[in-house]
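Novice: What follows is a structure written as structure tokens; I'll ask about it next.
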Amino acid sequence: MLFGSRQKSTMIAPEEALPGRDHRPYEVPERHAVLGTPLAGPWPEGTQVIYLALGCFWGAEKSYWQVPGVVTTAVGYQGGHTPNPTYEETCTGRTGHAETVLVAYDPARVTATELLRLFWESHDPTQGYRQGNDLGTQYRSAVYWTTEEQREAYETTRTAYAAQLRGHGYGDITTEARPATEAGTFYYAEDYHQQYLHKVPWGYCPDHGTGVSCPIGLGVQTGTGVKAEPPKTEATEF
């Protein structure tokens, strides 16, 4: 990702944000390069969506497209002020957006709690506007939920993980959390960012996890208990 003096360590005020534009200035692919599913829908009835920001969105997206029960993933920009931003604009810190992963999933196969467990364990949620050497407000930790179940799962897992982090010498969690309706539109990122680590397997993929386990949300919930399933790799038709 980009480094340098353009990275901002304070959130831009709405009146100081870049103006953006009234249309997307680039094309976005229709289908997921790995799963073959629609990036923007339509998805099967009952599909739910949660938006998660945990630093560089390349590695974060790859973690989620491998989860059994996930219908599709996409990367984009959310939580800021500038309409239809570009990657370069977002990297200036002057749009207010976070690098965010859209996760569409089947709640009968994977729960919000399990998705949030992966969220917590895949980055350091105590670092504010950074993840490791990635500096800037666009790298902040954030959860934007779309259902009450997701909100409850966030609060439950946050409380449990905060205690675990304190026990391992970490500070307070700085994750931004609010409904997706408040965070605003999820703006799909450019084509080359979508499933980037599938297209560029040797690409930048830092591991910012703390190594501290989240104590809840293990396994895949089913009607008869918990079972493990192999990663989903083949394309699904919609």
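Chain labels run A, B, ... following the order of the structure tokens; each chain numbers its residues from 1, and ligands are numbered from 1 in the order shown.
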Give me every alpha helix (DSSP H) residue in range 1-211 of chain A, going by DSSP on the backbone, as JSON, numbers by chain.

Specialist: {"A": [57, 58, 59, 60, 61, 62, 63, 64, 65, 87, 88, 89, 90, 112, 113, 114, 115, 116, 117, 118, 119, 120, 121, 148, 149, 150, 151, 152, 153, 154, 155, 156, 157, 158, 159, 160, 161, 162, 163, 164, 165, 166, 167, 180, 181, 182, 183, 196, 197, 198, 199]}

Novice: Could you write those residues out with C-alpha atoms, as a compact mmCIF listing (two decimals), in the first residue's frame?

Specialist:
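File written: out07.txt
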```
# COMPACT_ATOMS: atom_id res chain seq x y z
CA PHE A 57 -8.08 -4.57 2.52
CA TRP A 58 -6.15 -6.96 0.26
CA GLY A 59 -5.27 -9.50 2.93
CA ALA A 60 -8.47 -8.91 4.86
CA GLU A 61 -10.61 -9.79 1.87
CA LYS A 62 -8.68 -13.00 1.21
CA SER A 63 -9.29 -14.15 4.79
CA TYR A 64 -13.03 -13.82 4.30
CA TRP A 65 -13.50 -15.32 0.83
CA TYR A 87 -7.92 4.79 -4.17
CA GLU A 88 -5.43 7.61 -4.58
CA GLU A 89 -7.84 10.08 -2.99
CA THR A 90 -8.60 7.75 -0.09
CA ALA A 112 -21.90 -12.99 12.58
CA THR A 113 -20.08 -14.05 15.74
CA GLU A 114 -17.74 -16.27 13.74
CA LEU A 115 -17.05 -13.54 11.19
CA LEU A 116 -16.26 -11.12 14.00
CA ARG A 117 -14.00 -13.63 15.71
CA LEU A 118 -11.92 -13.68 12.50
CA PHE A 119 -12.07 -9.88 12.40
CA TRP A 120 -10.59 -9.51 15.88
CA GLU A 121 -7.89 -12.12 15.37
CA GLU A 148 -29.40 -6.26 15.16
CA GLU A 149 -27.81 -9.71 15.39
CA GLN A 150 -24.57 -8.30 14.01
CA ARG A 151 -24.64 -5.42 16.50
CA GLU A 152 -25.13 -7.83 19.40
CA ALA A 153 -22.37 -10.08 18.07
CA TYR A 154 -20.03 -7.10 17.82
CA GLU A 155 -20.69 -6.01 21.39
CA THR A 156 -20.36 -9.53 22.78
CA THR A 157 -17.14 -10.34 20.95
CA ARG A 158 -15.66 -6.92 21.66
CA THR A 159 -16.19 -7.31 25.39
CA ALA A 160 -14.66 -10.79 25.38
CA TYR A 161 -11.70 -9.80 23.22
CA ALA A 162 -10.98 -6.60 25.16
CA ALA A 163 -10.49 -8.68 28.29
CA GLN A 164 -8.16 -11.05 26.44
CA LEU A 165 -6.12 -8.17 25.04
CA ARG A 166 -5.75 -6.51 28.45
CA GLY A 167 -4.54 -9.81 29.85
CA ALA A 180 -23.86 0.85 8.02
CA THR A 181 -26.65 3.36 7.46
CA GLU A 182 -24.65 5.86 9.53
CA ALA A 183 -21.30 4.93 7.96
CA TYR A 196 -6.03 -8.62 -5.35
CA LEU A 197 -4.16 -11.47 -3.68
CA HIS A 198 -5.73 -13.96 -6.08
CA LYS A 199 -4.61 -11.88 -9.04
```

Novice: I need the strand (DSSP E or B) residues of chain A per DSSP on the backbone, written as a PyMOL selection string.

Specialist: chain A and resi 31+38+48-54+70-78+98-105+130-131+134-135+141-145+176-179+187-188+220-222+225-227

Novice: Keeping only N, CA and C atoms, write those residues as a compact mmCIF listing (two decimals), in the first residue's frame.

Specialist:
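What landed in selection.txt:
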```
# COMPACT_ATOMS: atom_id res chain seq x y z
N ARG A 31 -18.33 -10.11 -11.22
CA ARG A 31 -18.25 -11.35 -10.44
C ARG A 31 -16.93 -11.48 -9.70
N PRO A 38 -21.77 -12.86 -7.76
CA PRO A 38 -21.90 -11.43 -8.05
C PRO A 38 -21.28 -10.57 -6.95
N GLN A 48 -26.98 -12.10 4.20
CA GLN A 48 -26.78 -10.90 5.01
C GLN A 48 -25.41 -10.30 4.69
N VAL A 49 -25.25 -9.02 4.99
CA VAL A 49 -24.02 -8.30 4.67
C VAL A 49 -23.51 -7.59 5.91
N ILE A 50 -22.21 -7.66 6.13
CA ILE A 50 -21.55 -6.88 7.16
C ILE A 50 -20.32 -6.25 6.54
N TYR A 51 -19.94 -5.06 7.01
CA TYR A 51 -18.81 -4.33 6.46
C TYR A 51 -17.72 -4.24 7.53
N LEU A 52 -16.51 -4.67 7.19
CA LEU A 52 -15.43 -4.78 8.17
C LEU A 52 -14.17 -4.10 7.65
N ALA A 53 -13.56 -3.28 8.48
CA ALA A 53 -12.31 -2.60 8.13
C ALA A 53 -11.25 -3.03 9.13
N LEU A 54 -10.13 -3.54 8.63
CA LEU A 54 -9.07 -4.03 9.51
C LEU A 54 -7.69 -3.83 8.89
N VAL A 70 -19.55 -17.94 3.27
CA VAL A 70 -19.45 -16.60 2.69
C VAL A 70 -19.85 -16.68 1.22
N VAL A 71 -20.79 -15.84 0.82
CA VAL A 71 -21.31 -15.84 -0.54
C VAL A 71 -20.40 -15.05 -1.47
N THR A 72 -19.99 -13.88 -1.04
CA THR A 72 -19.06 -13.07 -1.84
C THR A 72 -18.37 -12.08 -0.94
N THR A 73 -17.27 -11.52 -1.43
CA THR A 73 -16.56 -10.44 -0.75
C THR A 73 -16.20 -9.39 -1.79
N ALA A 74 -16.00 -8.18 -1.31
CA ALA A 74 -15.53 -7.10 -2.18
C ALA A 74 -14.82 -6.08 -1.31
N VAL A 75 -13.92 -5.32 -1.91
CA VAL A 75 -13.23 -4.27 -1.17
C VAL A 75 -13.71 -2.91 -1.65
N GLY A 76 -13.67 -1.95 -0.73
CA GLY A 76 -14.12 -0.62 -1.08
C GLY A 76 -13.83 0.39 0.00
N TYR A 77 -14.49 1.53 -0.10
CA TYR A 77 -14.24 2.67 0.78
C TYR A 77 -15.54 3.05 1.47
N GLN A 78 -15.50 3.21 2.79
CA GLN A 78 -16.73 3.49 3.54
C GLN A 78 -16.38 4.25 4.82
N ALA A 98 -12.53 4.47 5.35
CA ALA A 98 -11.69 3.35 5.74
C ALA A 98 -11.65 2.33 4.62
N GLU A 99 -10.52 1.65 4.44
CA GLU A 99 -10.45 0.53 3.53
C GLU A 99 -11.30 -0.60 4.13
N THR A 100 -12.36 -0.96 3.44
CA THR A 100 -13.40 -1.81 4.02
C THR A 100 -13.65 -3.03 3.15
N VAL A 101 -13.99 -4.14 3.81
CA VAL A 101 -14.36 -5.37 3.11
C VAL A 101 -15.85 -5.62 3.29
N LEU A 102 -16.58 -5.74 2.19
CA LEU A 102 -17.97 -6.18 2.20
C LEU A 102 -17.96 -7.70 2.30
N VAL A 103 -18.68 -8.24 3.28
CA VAL A 103 -18.80 -9.69 3.43
C VAL A 103 -20.28 -10.05 3.36
N ALA A 104 -20.69 -10.70 2.28
CA ALA A 104 -22.05 -11.21 2.13
C ALA A 104 -22.02 -12.69 2.48
N TYR A 105 -22.92 -13.13 3.36
CA TYR A 105 -22.82 -14.49 3.88
C TYR A 105 -24.19 -15.11 4.14
N ARG A 130 -3.93 3.26 12.28
CA ARG A 130 -2.81 2.58 11.68
C ARG A 130 -2.97 1.08 11.85
N GLN A 131 -2.23 0.32 11.06
CA GLN A 131 -2.00 -1.10 11.29
C GLN A 131 -0.53 -1.35 10.94
N ASP A 134 1.40 0.61 8.18
CA ASP A 134 0.38 1.28 7.37
C ASP A 134 -0.24 2.39 8.21
N LEU A 135 0.07 3.63 7.88
CA LEU A 135 -0.35 4.78 8.67
C LEU A 135 -1.43 5.57 7.95
N SER A 141 -9.56 0.48 12.30
CA SER A 141 -10.42 -0.68 12.56
C SER A 141 -11.86 -0.21 12.67
N ALA A 142 -12.78 -0.91 11.97
CA ALA A 142 -14.18 -0.49 12.00
C ALA A 142 -15.11 -1.66 11.71
N VAL A 143 -16.29 -1.61 12.30
CA VAL A 143 -17.37 -2.56 12.04
C VAL A 143 -18.62 -1.76 11.75
N TYR A 144 -19.22 -2.01 10.58
CA TYR A 144 -20.47 -1.37 10.19
C TYR A 144 -21.51 -2.48 9.99
N TRP A 145 -22.47 -2.55 10.89
CA TRP A 145 -23.43 -3.66 10.85
C TRP A 145 -24.72 -3.29 10.14
N GLU A 176 -13.93 1.60 15.47
CA GLU A 176 -15.13 2.39 15.20
C GLU A 176 -16.28 1.42 14.93
N ALA A 177 -17.43 1.65 15.54
CA ALA A 177 -18.56 0.74 15.37
C ALA A 177 -19.85 1.53 15.27
N ARG A 178 -20.61 1.27 14.20
CA ARG A 178 -21.89 1.94 14.01
C ARG A 178 -22.66 1.23 12.90
N PRO A 179 -23.96 1.53 12.80
CA PRO A 179 -24.73 0.92 11.71
C PRO A 179 -24.19 1.36 10.35
N TYR A 187 -18.44 2.29 -1.25
CA TYR A 187 -18.02 2.57 -2.62
C TYR A 187 -17.04 1.48 -3.06
N TYR A 188 -17.44 0.67 -4.04
CA TYR A 188 -16.57 -0.39 -4.52
C TYR A 188 -15.26 0.17 -5.03
N VAL A 220 -18.45 -23.76 12.84
CA VAL A 220 -19.57 -23.34 12.00
C VAL A 220 -20.85 -23.82 12.65
N GLN A 221 -21.72 -22.90 13.02
CA GLN A 221 -22.94 -23.27 13.71
C GLN A 221 -23.91 -23.94 12.73
N THR A 222 -24.51 -25.05 13.17
CA THR A 222 -25.53 -25.72 12.39
C THR A 222 -26.70 -26.01 13.30
N GLY A 225 -25.50 -28.51 16.06
CA GLY A 225 -24.28 -28.30 16.82
C GLY A 225 -23.23 -27.57 16.02
N VAL A 226 -21.98 -27.93 16.25
CA VAL A 226 -20.86 -27.27 15.59
C VAL A 226 -20.10 -28.29 14.78
N LYS A 227 -19.77 -27.94 13.56
CA LYS A 227 -18.98 -28.85 12.74
C LYS A 227 -17.98 -28.06 11.92
```

Novice: Report as a list of chain:residue names all protein, DNA and RNA residues lying within 8 Å of Thr210 in chain A, evaluated on only C-alpha atoms, omitting residues in the same chain fewer than 2 positions from it.

Specialist: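 Result of the neighbour search: A:Glu121, A:Ser122, A:His123, A:Asp124, A:His208, A:Val212.
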
Novice: Find the distance between CA of Thr47 in chain A and CA of Asp106 in chain A and write it in Å to one decimal.

Specialist: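 For CA of Thr47 in chain A relative to CA of Asp106 in chain A, the distance reads 5.0 Å.
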
Novice: Go through A:Pro206, A:Pro25, A:Pro85, A:Gly128 and flag the residue nearest Phe186 in chain A, using only C-alpha atoms for the distances.

Specialist: A:Pro85

Novice: Closest to Tyr26 in chain A among A:Ile12, A:Ile216, A:Val200, A:Ala189, using only C-alpha atoms?

Specialist: A:Ala189

Novice: Could you tell me which of A:Ser213, A:Gln195, A:Thr147, A:Asn133 comes closest to His168 in chain A if we count only C-alpha atoms?

Specialist: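 Answer, going by the shortest atom-to-atom distance: A:Ser213.
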
Novice: Of the candidates A:Gly79, A:Gly20, A:Gly209, A:Pro44, which shows the shortest atom-to-atom distance to His97 in chain A, using only C-alpha atoms?

Specialist: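 Nearest to His97 in chain A: A:Gly79.
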
Novice: Quick one: distance from CA of Pro83 in chain A to CA of Thr95 in chain A in Å, one decimal?

Specialist: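 About the pair CA of Pro83 in chain A and CA of Thr95 in chain A: they are 8.4 Å apart.
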
Novice: Between CA of Gly36 in chain A and CA of Cys56 in chain A, what is the distance in Å, rounded to a tenth?

Specialist: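 Taking CA of Gly36 in chain A as the start and CA of Cys56 in chain A as the end point, the length is 22.9 Å.
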